[in-house]
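**Student:** For reference, the file start37.json (JSON, C-alpha atoms) is included below:
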```
[["chain", "number", "residue", "atom", "x", "y", "z"],
["A", 1465, "MET", "CA", 73.17, 26.78, -86.15],
["A", 1466, "LYS", "CA", 76.40, 26.82, -88.14],
["A", 1467, "THR", "CA", 79.00, 24.22, -88.97],
["A", 1468, "THR", "CA", 81.50, 22.40, -86.80],
["A", 1469, "ASP", "CA", 84.32, 24.71, -87.85],
["A", 1470, "SER", "CA", 82.27, 27.71, -86.75],
["A", 1471, "LEU", "CA", 81.69, 26.20, -83.31],
["A", 1472, "ALA", "CA", 85.37, 25.36, -82.86],
["A", 1473, "GLN", "CA", 86.40, 28.84, -83.97],
["A", 1474, "GLU", "CA", 83.85, 30.50, -81.73],
["A", 1475, "SER", "CA", 84.95, 28.37, -78.78],
["A", 1476, "LEU", "CA", 88.59, 29.22, -79.37],
["A", 1477, "ALA", "CA", 87.77, 32.93, -79.62],
["A", 1478, "LEU", "CA", 85.89, 32.82, -76.32],
["A", 1479, "ARG", "CA", 88.70, 30.87, -74.67],
["A", 1480, "ALA", "CA", 91.25, 33.41, -75.89],
["A", 1481, "ARG", "CA", 89.47, 36.10, -73.87],
["A", 1482, "TYR", "CA", 89.75, 34.24, -70.57],
["A", 1483, "ASP", "CA", 92.09, 31.22, -70.49],
["A", 1484, "GLU", "CA", 95.69, 31.95, -69.52],
["A", 1485, "GLU", "CA", 96.77, 28.32, -69.91],
["A", 1486, "PRO", "CA", 95.36, 27.13, -73.25],
["A", 1487, "SER", "CA", 97.95, 24.35, -73.49],
["A", 1488, "HIS", "CA", 96.14, 22.52, -70.67],
["A", 1489, "SER", "CA", 92.68, 22.81, -72.19],
["A", 1490, "ASP", "CA", 94.08, 21.80, -75.58],
["A", 1491, "HIS", "CA", 95.54, 18.66, -74.03],
["A", 1492, "VAL", "CA", 92.40, 17.84, -72.06],
["A", 1493, "CYS", "CA", 90.36, 18.36, -75.21],
["A", 1494, "ALA", "CA", 92.53, 15.92, -77.16],
["A", 1495, "LEU", "CA", 92.26, 13.29, -74.40],
["A", 1496, "ALA", "CA", 88.49, 13.78, -74.07],
["A", 1497, "VAL", "CA", 87.93, 13.25, -77.78],
["A", 1498, "GLN", "CA", 90.09, 10.10, -77.72],
["A", 1499, "ILE", "CA", 87.99, 8.75, -74.86],
["A", 1500, "TYR", "CA", 84.75, 9.68, -76.63],
["A", 1501, "ASP", "CA", 85.82, 7.91, -79.81],
["A", 1502, "GLY", "CA", 87.02, 4.82, -77.97],
["A", 1503, "LEU", "CA", 83.72, 4.49, -76.08],
["A", 1504, "SER", "CA", 81.49, 5.07, -79.10],
["A", 1505, "SER", "CA", 80.15, 1.51, -79.12],
["A", 1506, "TRP", "CA", 78.83, 2.15, -75.62],
["A", 1507, "HIS", "CA", 77.44, 5.68, -75.78],
["A", 1508, "LYS", "CA", 76.29, 5.56, -79.44],
["A", 1509, "LEU", "CA", 76.23, 9.36, -79.65],
["A", 1510, "ASP", "CA", 76.44, 11.36, -82.85],
["A", 1511, "ALA", "CA", 79.01, 13.71, -84.36],
["A", 1512, "ARG", "CA", 77.28, 16.76, -82.91],
["A", 1513, "SER", "CA", 77.67, 15.43, -79.38],
["A", 1514, "ARG", "CA", 81.39, 15.08, -80.06],
["A", 1515, "GLU", "CA", 81.47, 18.73, -81.13],
["A", 1516, "LEU", "CA", 79.74, 19.78, -77.92],
["A", 1517, "LEU", "CA", 82.30, 17.85, -75.86],
["A", 1518, "HIS", "CA", 85.09, 19.49, -77.85],
["A", 1519, "ALA", "CA", 83.70, 22.95, -77.10],
["A", 1520, "ALA", "CA", 83.19, 22.22, -73.40],
["A", 1521, "ALA", "CA", 86.71, 20.82, -73.09],
["A", 1522, "LEU", "CA", 88.24, 23.91, -74.68],
["A", 1523, "LEU", "CA", 86.29, 26.13, -72.31],
["A", 1524, "HIS", "CA", 86.27, 24.15, -69.07],
["A", 1525, "ASP", "CA", 88.82, 26.36, -67.30],
["A", 1526, "ILE", "CA", 87.83, 29.85, -68.49],
["A", 1527, "GLY", "CA", 86.29, 30.46, -65.07],
["A", 1528, "TRP", "CA", 89.78, 30.74, -63.56],
["A", 1529, "SER", "CA", 89.81, 34.30, -64.92],
["A", 1530, "GLN", "CA", 87.04, 35.23, -62.50],
["A", 1531, "THR", "CA", 88.41, 33.55, -59.38],
["A", 1532, "PRO", "CA", 92.23, 33.52, -59.08],
["A", 1533, "ASP", "CA", 92.16, 31.16, -56.08],
["A", 1534, "SER", "CA", 90.24, 28.64, -58.26],
["A", 1535, "LYS", "CA", 87.31, 28.48, -55.85],
["A", 1536, "GLY", "CA", 84.18, 27.79, -57.85],
["A", 1537, "HIS", "CA", 85.93, 28.24, -61.17],
["A", 1538, "HIS", "CA", 83.90, 25.41, -62.70],
["A", 1539, "LYS", "CA", 80.71, 27.35, -61.96],
["A", 1540, "TRP", "CA", 82.22, 30.49, -63.44],
["A", 1541, "SER", "CA", 83.13, 28.57, -66.59],
["A", 1542, "ALA", "CA", 79.48, 27.54, -66.96],
["A", 1543, "LYS", "CA", 78.31, 31.12, -66.37],
["A", 1544, "LEU", "CA", 80.66, 32.58, -68.99],
["A", 1545, "ILE", "CA", 79.51, 29.98, -71.51],
["A", 1546, "GLN", "CA", 75.87, 30.75, -70.76],
["A", 1547, "GLU", "CA", 76.38, 34.49, -71.10],
["A", 1548, "HIS", "CA", 78.21, 34.35, -74.43],
["A", 1549, "ALA", "CA", 76.16, 35.37, -77.48],
["A", 1550, "TRP", "CA", 76.62, 32.09, -79.32],
["A", 1551, "LYS", "CA", 76.02, 31.90, -83.06],
["A", 1552, "SER", "CA", 76.96, 28.23, -83.41],
["A", 1553, "LEU", "CA", 74.83, 26.69, -80.65],
["A", 1554, "THR", "CA", 71.10, 26.39, -80.00],
["A", 1555, "LYS", "CA", 69.75, 27.49, -76.61],
["A", 1556, "GLU", "CA", 69.64, 23.91, -75.39],
["A", 1557, "GLU", "CA", 73.15, 23.20, -76.66],
["A", 1558, "ILE", "CA", 74.45, 26.23, -74.76],
["A", 1559, "GLN", "CA", 73.10, 24.74, -71.55],
["A", 1560, "VAL", "CA", 74.59, 21.33, -72.35],
["A", 1561, "VAL", "CA", 78.06, 22.77, -73.04],
["A", 1562, "ALA", "CA", 77.85, 24.92, -69.91],
["A", 1563, "GLN", "CA", 76.86, 22.00, -67.69],
["A", 1564, "VAL", "CA", 79.49, 19.68, -69.16],
["A", 1565, "ALA", "CA", 82.14, 22.31, -68.38],
["A", 1566, "ARG", "CA", 80.64, 22.90, -64.94],
["A", 1567, "TYR", "CA", 80.94, 19.24, -63.95],
["A", 1568, "HIS", "CA", 84.60, 18.84, -64.89],
["A", 1569, "ARG", "CA", 85.38, 19.10, -61.16],
["A", 1570, "LYS", "CA", 83.84, 18.85, -57.70],
["A", 1571, "ALA", "CA", 80.57, 16.98, -57.20],
["A", 1572, "PRO", "CA", 78.60, 15.35, -60.04],
["A", 1573, "PRO", "CA", 74.95, 16.46, -60.40],
["A", 1574, "GLU", "CA", 73.12, 16.53, -57.07],
["A", 1575, "PRO", "CA", 69.42, 16.97, -56.22],
["A", 1576, "ASP", "CA", 69.81, 20.71, -55.50],
["A", 1577, "HIS", "CA", 71.60, 21.54, -58.77],
["A", 1578, "ALA", "CA", 68.72, 23.43, -60.37],
["A", 1579, "GLU", "CA", 70.32, 24.15, -63.76],
["A", 1580, "PHE", "CA", 71.08, 20.49, -64.36],
["A", 1581, "HIS", "CA", 67.59, 19.39, -63.35],
["A", 1582, "ALA", "CA", 66.02, 22.04, -65.60],
["A", 1583, "LEU", "CA", 67.37, 20.16, -68.62],
["A", 1584, "LYS", "CA", 65.25, 17.72, -70.57],
["A", 1585, "SER", "CA", 65.84, 14.04, -69.87],
["A", 1586, "ALA", "CA", 67.90, 13.44, -73.00],
["A", 1587, "ALA", "CA", 70.05, 16.49, -72.30],
["A", 1588, "LYS", "CA", 70.65, 15.34, -68.71],
["A", 1589, "LYS", "CA", 71.92, 11.99, -69.96],
["A", 1590, "LEU", "CA", 74.12, 13.72, -72.52],
["A", 1591, "VAL", "CA", 75.63, 15.93, -69.80],
["A", 1592, "MET", "CA", 76.27, 12.86, -67.66],
["A", 1593, "ILE", "CA", 78.12, 11.10, -70.48],
["A", 1594, "LEU", "CA", 80.07, 14.09, -71.82],
["A", 1595, "GLY", "CA", 80.70, 15.48, -68.35],
["A", 1596, "GLY", "CA", 81.87, 12.08, -67.16],
["A", 1597, "ILE", "CA", 84.32, 11.90, -70.04],
["A", 1598, "LEU", "CA", 85.59, 15.45, -69.47],
["A", 1599, "ARG", "CA", 86.12, 14.76, -65.75],
["A", 1600, "ILE", "CA", 88.48, 11.86, -66.40],
["A", 1601, "ALA", "CA", 90.23, 13.63, -69.27],
["A", 1602, "ASP", "CA", 90.91, 16.58, -66.96],
["A", 1603, "ALA", "CA", 92.08, 14.15, -64.27],
["A", 1604, "LEU", "CA", 94.62, 12.72, -66.69],
["A", 1605, "ASP", "CA", 96.27, 16.14, -66.92],
["A", 1606, "ARG", "CA", 96.03, 16.82, -63.19],
["A", 1607, "THR", "CA", 99.52, 18.31, -63.04],
["A", 1608, "HIS", "CA", 99.08, 20.32, -66.26],
["A", 1609, "THR", "CA", 102.30, 18.80, -67.56],
["A", 1610, "GLY", "CA", 101.06, 16.48, -70.31],
["A", 1611, "LYS", "CA", 102.23, 13.34, -68.50],
["A", 1612, "VAL", "CA", 99.64, 11.27, -70.39],
["A", 1613, "ALA", "CA", 100.66, 11.68, -73.99],
["A", 1614, "ARG", "CA", 97.81, 9.68, -75.48],
["A", 1615, "LEU", "CA", 95.34, 6.99, -74.59],
["A", 1616, "GLU", "CA", 93.03, 4.29, -75.87],
["A", 1617, "ALA", "CA", 89.58, 3.62, -74.47],
["A", 1618, "SER", "CA", 87.63, 0.39, -74.79],
["A", 1619, "VAL", "CA", 84.36, -1.18, -73.67],
["A", 1620, "THR", "CA", 83.19, -4.53, -72.33],
["A", 1621, "LYS", "CA", 79.93, -5.50, -70.66],
["A", 1622, "GLU", "CA", 81.65, -5.19, -67.30],
["A", 1623, "ALA", "CA", 83.87, -2.13, -67.66],
["A", 1624, "LEU", "CA", 85.04, 0.94, -69.51],
["A", 1625, "THR", "CA", 88.83, 0.91, -69.66],
["A", 1626, "VAL", "CA", 91.25, 3.74, -70.44],
["A", 1627, "ARG", "CA", 94.82, 2.70, -71.25],
["A", 1628, "VAL", "CA", 97.33, 5.52, -71.15],
["A", 1629, "GLN", "CA", 100.75, 6.12, -72.60],
["A", 1630, "ALA", "CA", 102.47, 8.01, -69.79],
["A", 1631, "ASP", "CA", 105.74, 9.92, -69.64],
["A", 1632, "GLY", "CA", 107.34, 9.38, -66.26],
["A", 1633, "ASN", "CA", 105.52, 9.40, -62.94],
["A", 1634, "TRP", "CA", 101.79, 9.90, -63.41],
["A", 1635, "ASN", "CA", 100.61, 8.95, -59.90],
["A", 1636, "ALA", "CA", 98.79, 12.26, -59.42],
["A", 1637, "GLU", "CA", 96.85, 11.66, -62.62],
["A", 1638, "ARG", "CA", 96.06, 8.06, -61.69],
["A", 1639, "VAL", "CA", 94.76, 9.00, -58.23],
["A", 1640, "THR", "CA", 92.68, 11.87, -59.59],
["A", 1641, "PHE", "CA", 91.23, 9.59, -62.27],
["A", 1642, "GLU", "CA", 89.99, 7.22, -59.57],
["A", 1643, "MET", "CA", 88.36, 10.13, -57.73],
["A", 1644, "LYS", "CA", 86.74, 11.66, -60.80],
["A", 1645, "SER", "CA", 85.47, 8.50, -62.51],
["A", 1646, "ASP", "CA", 82.32, 8.71, -60.36],
["A", 1647, "MET", "CA", 80.13, 10.53, -62.89],
["A", 1648, "LEU", "CA", 80.97, 8.20, -65.77],
["A", 1649, "HIS", "CA", 80.47, 5.20, -63.51],
["A", 1650, "ALA", "CA", 77.02, 6.49, -62.54],
["A", 1651, "VAL", "CA", 75.81, 6.79, -66.11],
["A", 1652, "ALA", "CA", 77.61, 3.73, -67.52],
["A", 1653, "GLN", "CA", 76.72, 1.43, -64.63],
["A", 1654, "ARG", "CA", 80.06, -0.31, -65.13],
["A", 1655, "GLU", "CA", 83.47, -0.24, -63.56],
["A", 1656, "ILE", "CA", 85.82, 2.45, -64.84],
["A", 1657, "HIS", "CA", 89.46, 1.36, -65.10],
["A", 1658, "CYS", "CA", 92.68, 3.16, -65.91],
["A", 1659, "GLU", "CA", 95.82, 1.27, -66.89],
["A", 1660, "GLU", "CA", 99.19, 2.05, -68.37],
["A", 1661, "MET", "CA", 99.89, 0.67, -71.81],
["A", 1662, "LYS", "CA", 102.44, -2.09, -71.86],
["A", 1663, "ALA", "CA", 105.67, -1.26, -73.60]]
```
Would you mind writing the file out in C-alpha cells?
**Tutor:**
Amino acid sequence: MKTTDSLAQESLALRARYDEEPSHSDHVCALAVQIYDGLSSWHKLDARSRELLHAAALLHDIGWSQTPDSKGHHKWSAKLIQEHAWKSLTKEEIQVVAQVARYHRKAPPEPDHAEFHALKSAAKKLVMILGGILRIADALDRTHTGKVARLEASVTKEALTVRVQADGNWNAERVTFEMKSDMLHAVAQREIHCEEMKA
C-alpha cells in the first residue's frame, strides 16, 4: 500500500478515463471532506478513512460512462472501482471505496445487498459512515452548479448539523439533503440537520 498522494493520483487517473463532469465530483469531494472533518469528534476515524472517502468521492459518478440514462450508475461506479488494478489500496479497502461510491444514491444497504454484507463488521460500519457523508455531500450539489460554496459540520449529543454557505436558491439541494440523510442518521442514531449560515 502506497502513500496518500499515490491514492489521490491513482483515483484521479481512473476518474479521467470515465468522468465527463469532474467539476461536480471535485466539488462533492471538497464538501465531503469538510463534513468528515467537522464530524471527527463523533466518528473518531483516522486519516486513512479520510483518504478512502476522498477516493470514493472523486469516483462516485464514473459509472455514468456505462449508462448514459443514469440508471444504475452508482452500481457501475462500484464495479469500475472493483475492477481497477489498484496499487494504492488493499483488497478490503477496494471493497470499502467501491461500496461507499455505490451508496451515494438510491437505497442505503438492504438485507439483499450481498457485497455489503460480505464485508467484515468494522468495514460495514466504515461504509455506513463514509457512505452517509458522501450521500449528503452529493445532495448538496444536486444541481451540479456549486450552489453550496462551503459548509461547516458540528456535533451534539442530539444531532449532527451541517451549516452551508449558499449562493442563491438552493432548495433542490436542501430537499435532496433531507432525502439522503437516511444512511448517516441510521449509523449516527441522531437527527441530521441542514441549515444556512447566517450572514
**Student:** Write out, as a Markdown table, each residue of stretch 1494-1523 of chain A that has an atom at most 8 Å from stretch 1588-1602 of chain A, together with the closest pair of atoms and their distance in Å to one decimal, counting all atoms listed in the file, rows going by chain and rising number.
**Tutor:**
```
| residue | atom | partner | partner_atom | distance |
| --- | --- | --- | --- | --- |
| A:Leu1495 | CA | A:Ala1601 | CA | 5.5 |
| A:Ala1496 | CA | A:Ala1601 | CA | 5.1 |
| A:Ile1499 | CA | A:Ile1597 | CA | 6.8 |
| A:Tyr1500 | CA | A:Ile1597 | CA | 7.0 |
| A:His1507 | CA | A:Ile1593 | CA | 7.6 |
| A:Ser1513 | CA | A:Leu1590 | CA | 7.9 |
| A:Leu1517 | CA | A:Leu1594 | CA | 6.0 |
| A:Ala1521 | CA | A:Leu1598 | CA | 6.6 |
```
**Student:** Of the candidates A:Gly1527, A:Ser1470, A:Leu1604, A:Asp1533, which one gets nearest to A:Glu1642 if we count all atoms listed in the file?
**Tutor:**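 The answer is A:Leu1604, which sits nearest to A:Glu1642.
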**Student:** Using Å and a single decimal, report how far atom CA of A:Ala1511 sits from atom CA of A:Phe1641.
**Tutor:**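 These two atoms are separated by 25.6 Å.
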**Student:** Between atom CA of A:Ile1558 and atom CA of A:Ala1571, what is the distance in Å, rounded to a tenth?
**Tutor:**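 One can read the atom CA of A:Ile1558 to atom CA of A:Ala1571 distance as 20.8 Å.
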**Student:** With all atoms listed in the file as the counted atoms, please give the residues lying no more than 7 Å from A:Glu1655, apart from itself and same-chain residues fewer than 4 positions off, as a compact mmCIF listing (two decimals) with C-alpha atoms, in the coordinates of the input.
**Tutor:**
```txt
# COMPACT_ATOMS: atom_id res chain seq x y z
CA GLU A 1622 81.65 -5.19 -67.30
CA ALA A 1623 83.87 -2.13 -67.66
CA LEU A 1624 85.04 0.94 -69.51
CA HIS A 1649 80.47 5.20 -63.51
```
**Student:** Which residue out of A:Ala1582, A:Ala1549, A:Ala1472, A:Ala1562 has the minimum interatomic distance to A:Asp1490 when only C-alpha atoms are used?
**Tutor:**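 Of the candidates, the smallest distance to A:Asp1490 is held by A:Ala1472.
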**Student:** For A:Val1561, find every residue with an atom within 6 Å (counting all atoms listed in the file), except residues of its own chain fewer than 3 positions away, and show them as JSON, numbers by chain.
**Tutor:** {"A": [1516, 1520, 1558, 1564]}
**Student:** Extract, using all atoms listed in the file, all DNA, RNA and protein residues at most 12 Å from A:Lys1535, discarding same-chain residues fewer than 5 positions from it, and format them as an MDAnalysis selection string.
**Tutor:** chainID A and resid 1525 1527:1530 1540:1541 1569:1570
**Student:** Would you put the residues from that selection into a file with C-alpha atoms, as a PDB file, in the frame of the given file?
**Tutor:**
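Final file, part_5.pdb:
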```
ATOM      1  CA  ASP A1525      88.820  26.360 -67.300  1.00  0.00           C
ATOM      2  CA  GLY A1527      86.290  30.460 -65.070  1.00  0.00           C
ATOM      3  CA  TRP A1528      89.780  30.740 -63.560  1.00  0.00           C
ATOM      4  CA  SER A1529      89.810  34.300 -64.920  1.00  0.00           C
ATOM      5  CA  GLN A1530      87.040  35.230 -62.500  1.00  0.00           C
ATOM      6  CA  TRP A1540      82.220  30.490 -63.440  1.00  0.00           C
ATOM      7  CA  SER A1541      83.130  28.570 -66.590  1.00  0.00           C
ATOM      8  CA  ARG A1569      85.380  19.100 -61.160  1.00  0.00           C
ATOM      9  CA  LYS A1570      83.840  18.850 -57.700  1.00  0.00           C
TER      10      LYS A1570
END
```
**Student:** Could you tell me which of A:Ala1578, A:Ala1603, A:Leu1522, A:Leu1553 comes closest to A:Ala1565 if we count all atoms listed in the file?
**Tutor:**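 Distance minimum relative to A:Ala1565 lands on A:Leu1522.
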**Student:** Between A:His1518, A:Ser1504, A:His1524, A:Val1626, which has the minimum distance to A:Tyr1482 (counting only C-alpha atoms)?
**Tutor:** A:His1524
**Student:** One decimal, Å: what's the distance from atom CA of A:Arg1566 over to atom CA of A:Ala1613, could you say?
**Tutor:**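 Interatomic distance here is 24.7 Å.
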**Student:** From the list A:His1568, A:Lys1662, A:Lys1584, A:Arg1638, which residue is nearest A:His1538 when using only C-alpha atoms?
**Tutor:**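 Of all the options, A:His1568 lies closest to A:His1538.
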**Student:** Go through A:Gly1536, A:Arg1481, A:Val1497, A:Ile1656 and flag the residue nearest A:Val1619, using all atoms listed in the file for the distances.
**Tutor:**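 Of the candidates, the smallest distance to A:Val1619 is held by A:Ile1656.
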**Student:** Kindly write stretch 1530-1644 of chain A with C-alpha atoms to a file, as an mmCIF file, in the first residue's frame.
**Tutor:**
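After the write, selection.cif holds the following:
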```
data_model
loop_
_atom_site.group_PDB
_atom_site.id
_atom_site.type_symbol
_atom_site.label_atom_id
_atom_site.label_comp_id
_atom_site.auth_asym_id
_atom_site.auth_seq_id
_atom_site.Cartn_x
_atom_site.Cartn_y
_atom_site.Cartn_z
ATOM 1 C CA GLN A 1530 -21.537 2.971 -18.720
ATOM 2 C CA THR A 1531 -25.186 4.038 -18.552
ATOM 3 C CA PRO A 1532 -25.998 7.358 -20.285
ATOM 4 C CA ASP A 1533 -29.539 7.439 -18.865
ATOM 5 C CA SER A 1534 -28.006 7.269 -15.346
ATOM 6 C CA LYS A 1535 -29.923 4.112 -14.447
ATOM 7 C CA GLY A 1536 -27.823 2.123 -12.015
ATOM 8 C CA HIS A 1537 -24.799 4.347 -12.450
ATOM 9 C CA HIS A 1538 -23.956 4.033 -8.745
ATOM 10 C CA LYS A 1539 -23.617 0.270 -9.186
ATOM 11 C CA TRP A 1540 -21.458 0.771 -12.252
ATOM 12 C CA SER A 1541 -19.212 3.122 -10.292
ATOM 13 C CA ALA A 1542 -18.685 0.386 -7.705
ATOM 14 C CA LYS A 1543 -17.971 -2.183 -10.420
ATOM 15 C CA LEU A 1544 -15.373 0.004 -12.151
ATOM 16 C CA ILE A 1545 -13.654 0.637 -8.827
ATOM 17 C CA GLN A 1546 -13.618 -3.086 -8.050
ATOM 18 C CA GLU A 1547 -12.210 -3.992 -11.451
ATOM 19 C CA HIS A 1548 -9.379 -1.460 -11.399
ATOM 20 C CA ALA A 1549 -5.906 -2.887 -10.708
ATOM 21 C CA TRP A 1550 -5.252 -0.746 -7.649
ATOM 22 C CA LYS A 1551 -1.716 -0.245 -6.398
ATOM 23 C CA SER A 1552 -2.646 2.100 -3.542
ATOM 24 C CA LEU A 1553 -5.430 0.094 -1.874
ATOM 25 C CA THR A 1554 -5.628 -3.259 -0.101
ATOM 26 C CA LYS A 1555 -8.292 -5.753 -1.215
ATOM 27 C CA GLU A 1556 -10.535 -4.778 1.683
ATOM 28 C CA GLU A 1557 -10.036 -1.067 1.023
ATOM 29 C CA ILE A 1558 -11.059 -1.569 -2.608
ATOM 30 C CA GLN A 1559 -14.360 -3.014 -1.430
ATOM 31 C CA VAL A 1560 -14.865 -0.171 1.055
ATOM 32 C CA VAL A 1561 -14.242 2.526 -1.577
ATOM 33 C CA ALA A 1562 -16.495 0.709 -4.049
ATOM 34 C CA GLN A 1563 -19.350 0.386 -1.565
ATOM 35 C CA VAL A 1564 -19.047 3.999 -0.387
ATOM 36 C CA ALA A 1565 -19.330 5.129 -4.023
ATOM 37 C CA ARG A 1566 -22.185 2.684 -4.628
ATOM 38 C CA TYR A 1567 -24.288 4.114 -1.800
ATOM 39 C CA HIS A 1568 -24.023 7.757 -2.864
ATOM 40 C CA ARG A 1569 -27.562 7.389 -4.263
ATOM 41 C CA LYS A 1570 -30.687 5.238 -4.131
ATOM 42 C CA ALA A 1571 -31.282 2.931 -1.168
ATOM 43 C CA PRO A 1572 -28.848 2.544 1.746
ATOM 44 C CA PRO A 1573 -27.672 -1.024 2.483
ATOM 45 C CA GLU A 1574 -30.528 -3.525 2.492
ATOM 46 C CA PRO A 1575 -30.688 -7.192 3.561
ATOM 47 C CA ASP A 1576 -30.264 -8.479 -0.014
ATOM 48 C CA HIS A 1577 -27.171 -6.378 -0.813
ATOM 49 C CA ALA A 1578 -24.687 -9.245 -0.826
ATOM 50 C CA GLU A 1579 -21.494 -7.246 -1.407
ATOM 51 C CA PHE A 1580 -22.160 -5.003 1.569
ATOM 52 C CA HIS A 1581 -22.977 -7.926 3.846
ATOM 53 C CA ALA A 1582 -19.823 -9.771 2.737
ATOM 54 C CA LEU A 1583 -17.752 -7.071 4.439
ATOM 55 C CA LYS A 1584 -16.381 -7.507 7.931
ATOM 56 C CA SER A 1585 -18.262 -5.746 10.714
ATOM 57 C CA ALA A 1586 -15.776 -2.882 11.017
ATOM 58 C CA ALA A 1587 -15.791 -2.332 7.256
ATOM 59 C CA LYS A 1588 -19.607 -2.271 7.200
ATOM 60 C CA LYS A 1589 -19.641 0.464 9.826
ATOM 61 C CA LEU A 1590 -16.992 2.397 7.909
ATOM 62 C CA VAL A 1591 -19.078 2.191 4.721
ATOM 63 C CA MET A 1592 -22.134 3.390 6.630
ATOM 64 C CA ILE A 1593 -20.274 6.434 7.961
ATOM 65 C CA LEU A 1594 -18.358 7.351 4.803
ATOM 66 C CA GLY A 1595 -21.280 6.485 2.542
ATOM 67 C CA GLY A 1596 -23.609 8.526 4.720
ATOM 68 C CA ILE A 1597 -21.285 11.508 4.424
ATOM 69 C CA LEU A 1598 -20.904 11.109 0.654
ATOM 70 C CA ARG A 1599 -24.687 10.899 0.193
ATOM 71 C CA ILE A 1600 -25.298 14.275 1.810
ATOM 72 C CA ALA A 1601 -22.283 15.878 0.137
ATOM 73 C CA ASP A 1602 -23.645 14.753 -3.239
ATOM 74 C CA ALA A 1603 -27.086 16.038 -2.245
ATOM 75 C CA LEU A 1604 -25.599 19.455 -1.586
ATOM 76 C CA ASP A 1605 -24.551 19.660 -5.238
ATOM 77 C CA ARG A 1606 -27.816 18.230 -6.554
ATOM 78 C CA THR A 1607 -27.974 20.710 -9.420
ATOM 79 C CA HIS A 1608 -24.254 20.361 -10.262
ATOM 80 C CA THR A 1609 -23.944 24.141 -10.081
ATOM 81 C CA GLY A 1610 -21.907 24.638 -6.903
ATOM 82 C CA LYS A 1611 -24.743 26.427 -5.101
ATOM 83 C CA VAL A 1612 -23.252 25.414 -1.736
ATOM 84 C CA ALA A 1613 -19.877 27.084 -1.747
ATOM 85 C CA ARG A 1614 -18.702 25.710 1.590
ATOM 86 C CA LEU A 1615 -20.034 24.334 4.818
ATOM 87 C CA GLU A 1616 -19.347 23.658 8.472
ATOM 88 C CA ALA A 1617 -20.405 20.495 10.269
ATOM 89 C CA SER A 1618 -20.832 20.100 14.016
ATOM 90 C CA VAL A 1619 -21.925 17.519 16.577
ATOM 91 C CA THR A 1620 -24.063 17.442 19.705
ATOM 92 C CA LYS A 1621 -25.486 14.502 21.624
ATOM 93 C CA GLU A 1622 -28.795 15.044 19.854
ATOM 94 C CA ALA A 1623 -27.810 15.917 16.293
ATOM 95 C CA LEU A 1624 -25.277 16.248 13.515
ATOM 96 C CA THR A 1625 -25.662 19.650 11.893
ATOM 97 C CA VAL A 1626 -24.390 20.904 8.537
ATOM 98 C CA ARG A 1627 -24.434 24.678 8.038
ATOM 99 C CA VAL A 1628 -23.994 25.779 4.456
ATOM 100 C CA GLN A 1629 -22.918 28.953 2.740
ATOM 101 C CA ALA A 1630 -25.207 29.023 -0.288
ATOM 102 C CA ASP A 1631 -25.212 31.145 -3.427
ATOM 103 C CA GLY A 1632 -28.778 31.905 -4.417
ATOM 104 C CA ASN A 1633 -31.648 29.440 -4.363
ATOM 105 C CA TRP A 1634 -30.541 26.057 -3.038
ATOM 106 C CA ASN A 1635 -33.970 24.484 -2.467
ATOM 107 C CA ALA A 1636 -33.149 21.470 -4.641
ATOM 108 C CA GLU A 1637 -30.058 20.798 -2.557
ATOM 109 C CA ARG A 1638 -31.942 21.254 0.712
ATOM 110 C CA VAL A 1639 -34.731 18.856 -0.288
ATOM 111 C CA THR A 1640 -32.277 16.252 -1.558
ATOM 112 C CA PHE A 1641 -30.260 16.533 1.660
ATOM 113 C CA GLU A 1642 -33.368 15.661 3.659
ATOM 114 C CA MET A 1643 -33.977 12.618 1.451
ATOM 115 C CA LYS A 1644 -30.391 11.377 1.520
#
```
